[in-house]
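Enquirer: I have a structure here, written as structure tokens, and I will follow up with some questions on it.
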Amino acid sequence: MSDLKERLVPSRPASALNLRGDAASRPSASGRQPLLGVDVLGLKKRGQGLKSWIRVDTFANTQVIEVDKFTMMRRCDLPARDLRLLDPLFVYPSTILGREKAIVVNLEQIRCIITADEVLLLNSLDNYVLRYVVELQQRLKASAVGEVWNQDSLELSRRRSRSLDNVFQNSSPDYLPFEFRALEIALEAACTFLDSQASELEIEAYPLLDELTSKISTLNLERVRRLKSRLVALTRRVQKVRDEIEQLMDDDGDMAEMYLTEKKKRMEGSLYGDQSVLGYKSNDGQSLSAPVSPVSSPPDSRRLEKSLSIARSRHDSARSSESTTENIEELEMLLEAYFVVIDSTLNKLTSLKEYIDDTEDFINIQLDNVRNQLIQFELLLTTATFVVAIFGVVAGIFGMNFEIDFFEVPGAFKWVLAITGVCGLLIFLAFVWFYKRRRLMPL
């Protein structure tokens, strides 16, 4: 991995480093020091549109190239808005676009352009990009070895039995085209990355939620809030990848556009057929496809050529439609496999979100229970305060400035205190019975 990183990272010339150092140390005309950390050469390079790309061809050869935006648009026949999806400075959701000559892939860290002959990735030091390059090289080399072995086995089977030639050809493994292999590795990398993040989040979430149910504190609530924010963001990304794959599976036209090798073969075949027709000459040296005068050209030969061209075009269109249907089925099976993977990841995140919601409901129930207990205790305190206020009323009545004979009776104070306490207790019990009857508190 380190050797690949050293080969893929382009070395900067010493002149550029010296210019950058001189620019950083040299003051401006106004006497102020320039802003540190601003890469002037990088901004100039970005203004020119030059970007570093990693090119991987069908033979697993890796090369670092620097191409501007307009050259890349002409090279891959892509509009500018498609290249904008691959810009790392912009944040776009996951997208898979099938164009005439290329497939634009933006899946998490993997941002690349896949053609029938090569894969172009934005040069990055991200480990997932480097792993993608290494995995693509290994798959291409393994498929090349498998194709050689398949050809040898077919040749041996033909030598053993000529009559079973078609059977062996049909039973041989059908290898995916180059663009499907690159797309498969990109889907695998994105699904693996999202699934690993979901697993890490799941491992972190369950102990934290169990701790929160046992001990409700501000720190635990803050940790759960951050965890839920990460879960929502990850769920949105996984949902976008799933929707993108599902949209491709539902649209046969988009899947047919993504079969670049077949379109390239058809284009080359049509060009080769046109060149062969134009280059074919009769025995006397005159070209049959060259325009001739209507006097020397009989109408029967012209009608025959027209009917032959129509029949050939119909045959080519029927054969291309059949091959397109088969290839759509292959691509649909490939997308369906990774749709199942990303759907399981989404189900895992959905289960985790439901567990968080259940934990929040449980905490809310606990808080409501505590709140109800506090309300009941406050109601009892209010009732007790009302009973105690009766003593204050009695004391206020007997504390007035007038004289009665009851003050001269020995033991009058005890009688007043006892009667007031019994009355207060009866009133308190009456309130408690009322609360119980109305089911205001479980007593």
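We label chains A, B, ... in the order they appear in the structure tokens, count residues from 1 in each chain, and number ligands from 1 in the order shown.
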Tell me which protein, DNA and RNA residues are within 7 Å of segment 238-247 of chain A, counting only C-alpha atoms, leaving out same-chain ones fewer than 4 positions away, and put them as a count of residues only.

Expert: 12

Enquirer: Do a neighbour search on segment 114-121 of chain A at 10 Å with only C-alpha atoms, toss out local chain neighbours closer than 5 positions, and write the hits as a PyMOL selection string.

Expert: chain A and resi 52-65+72+76+86+98-105+129+132-133+136+177-183+258-265

Enquirer: How many Å separate atom CA of Lys141 of chain A from atom CA of Leu334 of chain A?

Expert: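 According to the coordinates, atom CA of Lys141 of chain A and atom CA of Leu334 of chain A are separated by 20.2 Å.
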
Enquirer: Given only C-alpha atoms as the basis, pick out the residue of A:Leu78, A:Glu108, A:Thr235, A:Ile427 nearest to Tyr92 of chain A.

Expert: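 The answer is A:Glu108, which sits nearest to Tyr92 of chain A.
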
Enquirer: Select, from A:Glu336, A:Gln138, A:Glu403, A:Ile390, the residue with the minimum atom-to-atom distance to Leu425 of chain A, counting only C-alpha atoms.

Expert: A:Ile390

Enquirer: Which residues, written as JSON, numbers by chain, have at least one atom at most 12 Å from Val91 of chain A, with only C-alpha atoms counted and residues fewer than 5 positions away on the same chain left out?

Expert: {"A": [84, 85, 86, 106, 107, 108, 109, 111, 237]}

Enquirer: Which polymer residues have any atom within 12 Å of an atom of segment 366-368 of chain A, counting only C-alpha atoms, with same-chain residues fewer than 2 positions away left out, as a PyMOL selection string?

Expert: chain A and resi 212-217+359-364+370-375

Enquirer: Please determine, counting only C-alpha atoms, which residue among A:Glu257, A:Glu330, A:Asp358, A:Glu188 has the shortest atom-to-atom distance to Leu209 of chain A.

Expert: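 Of the candidates, the smallest distance to Leu209 of chain A is held by A:Asp358.
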
Enquirer: Skip Met333 of chain A itself and residues of its chain fewer than 5 positions away, then list as a PyMOL selection string all residues within 12 Å of it, counting only C-alpha atoms.

Expert: chain A and resi 176+180+184+245-246+248-249+255+326-328+338-340

Enquirer: For the selection you just gave me, I'd like the residues written to a file as a CSV table (one decimal), in the first residue's frame, keeping all heavy atoms.

Expert:
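Result written to result.csv:
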```
chain,number,residue,atom,x,y,z
A,176,LEU,N,-17.7,-10.7,-16.6
A,176,LEU,CA,-18.3,-9.4,-16.7
A,176,LEU,C,-17.4,-8.5,-17.6
A,176,LEU,O,-16.1,-8.7,-17.5
A,176,LEU,CB,-18.5,-8.8,-15.4
A,176,LEU,CG,-19.6,-9.5,-14.5
A,176,LEU,CD1,-19.6,-8.8,-13.1
A,176,LEU,CD2,-21.0,-9.4,-15.2
A,180,PHE,N,-18.2,-3.2,-15.8
A,180,PHE,CA,-19.0,-3.8,-14.7
A,180,PHE,C,-18.1,-4.2,-13.6
A,180,PHE,O,-18.5,-4.2,-12.4
A,180,PHE,CB,-19.8,-5.0,-15.3
A,180,PHE,CG,-21.0,-4.6,-16.1
A,180,PHE,CD1,-21.3,-3.3,-16.3
A,180,PHE,CD2,-21.8,-5.6,-16.7
A,180,PHE,CE1,-22.4,-2.9,-17.1
A,180,PHE,CE2,-22.9,-5.2,-17.4
A,180,PHE,CZ,-23.2,-3.9,-17.7
A,184,GLU,N,-18.6,-2.9,-10.0
A,184,GLU,CA,-18.8,-3.8,-8.9
A,184,GLU,C,-17.9,-3.5,-7.7
A,184,GLU,O,-18.3,-3.5,-6.5
A,184,GLU,CB,-18.6,-5.2,-9.4
A,184,GLU,CG,-18.8,-6.3,-8.3
A,184,GLU,CD,-18.5,-7.7,-8.8
A,184,GLU,OE1,-18.0,-7.8,-10.0
A,184,GLU,OE2,-18.8,-8.6,-8.1
A,245,ILE,N,-29.3,2.7,-6.4
A,245,ILE,CA,-29.3,1.4,-6.9
A,245,ILE,C,-30.7,0.9,-7.4
A,245,ILE,O,-30.9,0.3,-8.4
A,245,ILE,CB,-28.7,0.4,-5.9
A,245,ILE,CG1,-27.2,0.8,-5.6
A,245,ILE,CG2,-28.7,-1.0,-6.5
A,245,ILE,CD1,-26.5,-0.1,-4.6
A,246,GLU,N,-31.7,1.2,-6.5
A,246,GLU,CA,-33.0,0.8,-6.9
A,246,GLU,C,-33.5,1.6,-8.1
A,246,GLU,O,-34.2,1.0,-9.0
A,246,GLU,CB,-33.9,1.1,-5.7
A,246,GLU,CG,-35.4,0.6,-5.9
A,246,GLU,CD,-36.2,0.9,-4.6
A,246,GLU,OE1,-35.7,1.6,-3.7
A,246,GLU,OE2,-37.4,0.4,-4.6
A,248,LEU,N,-31.7,2.6,-10.6
A,248,LEU,CA,-31.0,1.9,-11.8
A,248,LEU,C,-31.7,0.6,-12.1
A,248,LEU,O,-31.9,0.3,-13.3
A,248,LEU,CB,-29.5,1.7,-11.5
A,248,LEU,CG,-28.6,2.9,-11.5
A,248,LEU,CD1,-27.2,2.6,-11.1
A,248,LEU,CD2,-28.6,3.5,-12.9
A,249,MET,N,-32.1,-0.2,-11.1
A,249,MET,CA,-32.7,-1.4,-11.3
A,249,MET,C,-34.1,-1.3,-12.0
A,249,MET,O,-34.5,-2.2,-12.7
A,249,MET,CB,-32.8,-2.2,-10.0
A,249,MET,CG,-31.5,-2.7,-9.5
A,249,MET,SD,-31.6,-3.4,-7.8
A,249,MET,CE,-32.7,-4.8,-8.1
A,255,MET,N,-29.7,1.2,-17.5
A,255,MET,CA,-28.8,0.0,-17.4
A,255,MET,C,-28.3,-0.3,-18.8
A,255,MET,O,-27.1,-0.7,-18.9
A,255,MET,CB,-29.6,-1.2,-16.8
A,255,MET,CG,-29.8,-1.1,-15.4
A,255,MET,SD,-30.4,-2.7,-14.7
A,255,MET,CE,-32.1,-2.8,-15.4
A,326,GLU,N,-29.8,-9.4,-22.5
A,326,GLU,CA,-29.0,-10.3,-21.7
A,326,GLU,C,-28.1,-9.5,-20.7
A,326,GLU,O,-27.9,-9.8,-19.6
A,326,GLU,CB,-28.2,-11.2,-22.6
A,326,GLU,CG,-29.0,-12.2,-23.4
A,326,GLU,CD,-28.2,-13.1,-24.3
A,326,GLU,OE1,-27.0,-12.8,-24.3
A,326,GLU,OE2,-28.8,-13.9,-25.0
A,327,ASN,N,-27.4,-8.5,-21.3
A,327,ASN,CA,-26.5,-7.7,-20.5
A,327,ASN,C,-27.3,-6.9,-19.4
A,327,ASN,O,-26.7,-6.7,-18.3
A,327,ASN,CB,-25.7,-6.7,-21.4
A,327,ASN,CG,-24.8,-7.5,-22.3
A,327,ASN,OD1,-24.2,-8.5,-21.9
A,327,ASN,ND2,-24.6,-7.0,-23.5
A,328,ILE,N,-28.5,-6.5,-19.7
A,328,ILE,CA,-29.3,-5.8,-18.7
A,328,ILE,C,-29.6,-6.8,-17.5
A,328,ILE,O,-29.5,-6.4,-16.3
A,328,ILE,CB,-30.6,-5.3,-19.3
A,328,ILE,CG1,-30.3,-4.0,-20.1
A,328,ILE,CG2,-31.6,-4.9,-18.2
A,328,ILE,CD1,-31.5,-3.5,-20.8
A,338,TYR,N,-25.8,-6.1,-4.5
A,338,TYR,CA,-25.4,-5.1,-3.6
A,338,TYR,C,-26.6,-4.3,-3.1
A,338,TYR,O,-26.4,-3.6,-2.1
A,338,TYR,CB,-24.4,-4.1,-4.4
A,338,TYR,CG,-23.1,-4.8,-4.6
A,338,TYR,CD1,-22.8,-5.4,-5.9
A,338,TYR,CD2,-22.1,-4.9,-3.6
A,338,TYR,CE1,-21.6,-6.0,-6.1
A,338,TYR,CE2,-20.9,-5.5,-3.8
A,338,TYR,CZ,-20.7,-6.1,-5.1
A,338,TYR,OH,-19.5,-6.7,-5.3
A,339,PHE,N,-27.7,-4.4,-3.8
A,339,PHE,CA,-28.9,-3.8,-3.2
A,339,PHE,C,-29.3,-4.6,-1.9
A,339,PHE,O,-29.8,-3.9,-0.9
A,339,PHE,CB,-30.1,-3.9,-4.2
A,339,PHE,CG,-31.4,-3.3,-3.7
A,339,PHE,CD1,-31.6,-2.0,-3.6
A,339,PHE,CD2,-32.4,-4.2,-3.3
A,339,PHE,CE1,-32.8,-1.5,-3.1
A,339,PHE,CE2,-33.6,-3.7,-2.8
A,339,PHE,CZ,-33.8,-2.4,-2.7
A,340,VAL,N,-29.1,-5.9,-1.9
A,340,VAL,CA,-29.4,-6.7,-0.7
A,340,VAL,C,-28.5,-6.3,0.4
A,340,VAL,O,-28.9,-6.1,1.6
A,340,VAL,CB,-29.3,-8.2,-1.0
A,340,VAL,CG1,-29.4,-9.0,0.2
A,340,VAL,CG2,-30.4,-8.6,-2.0
```
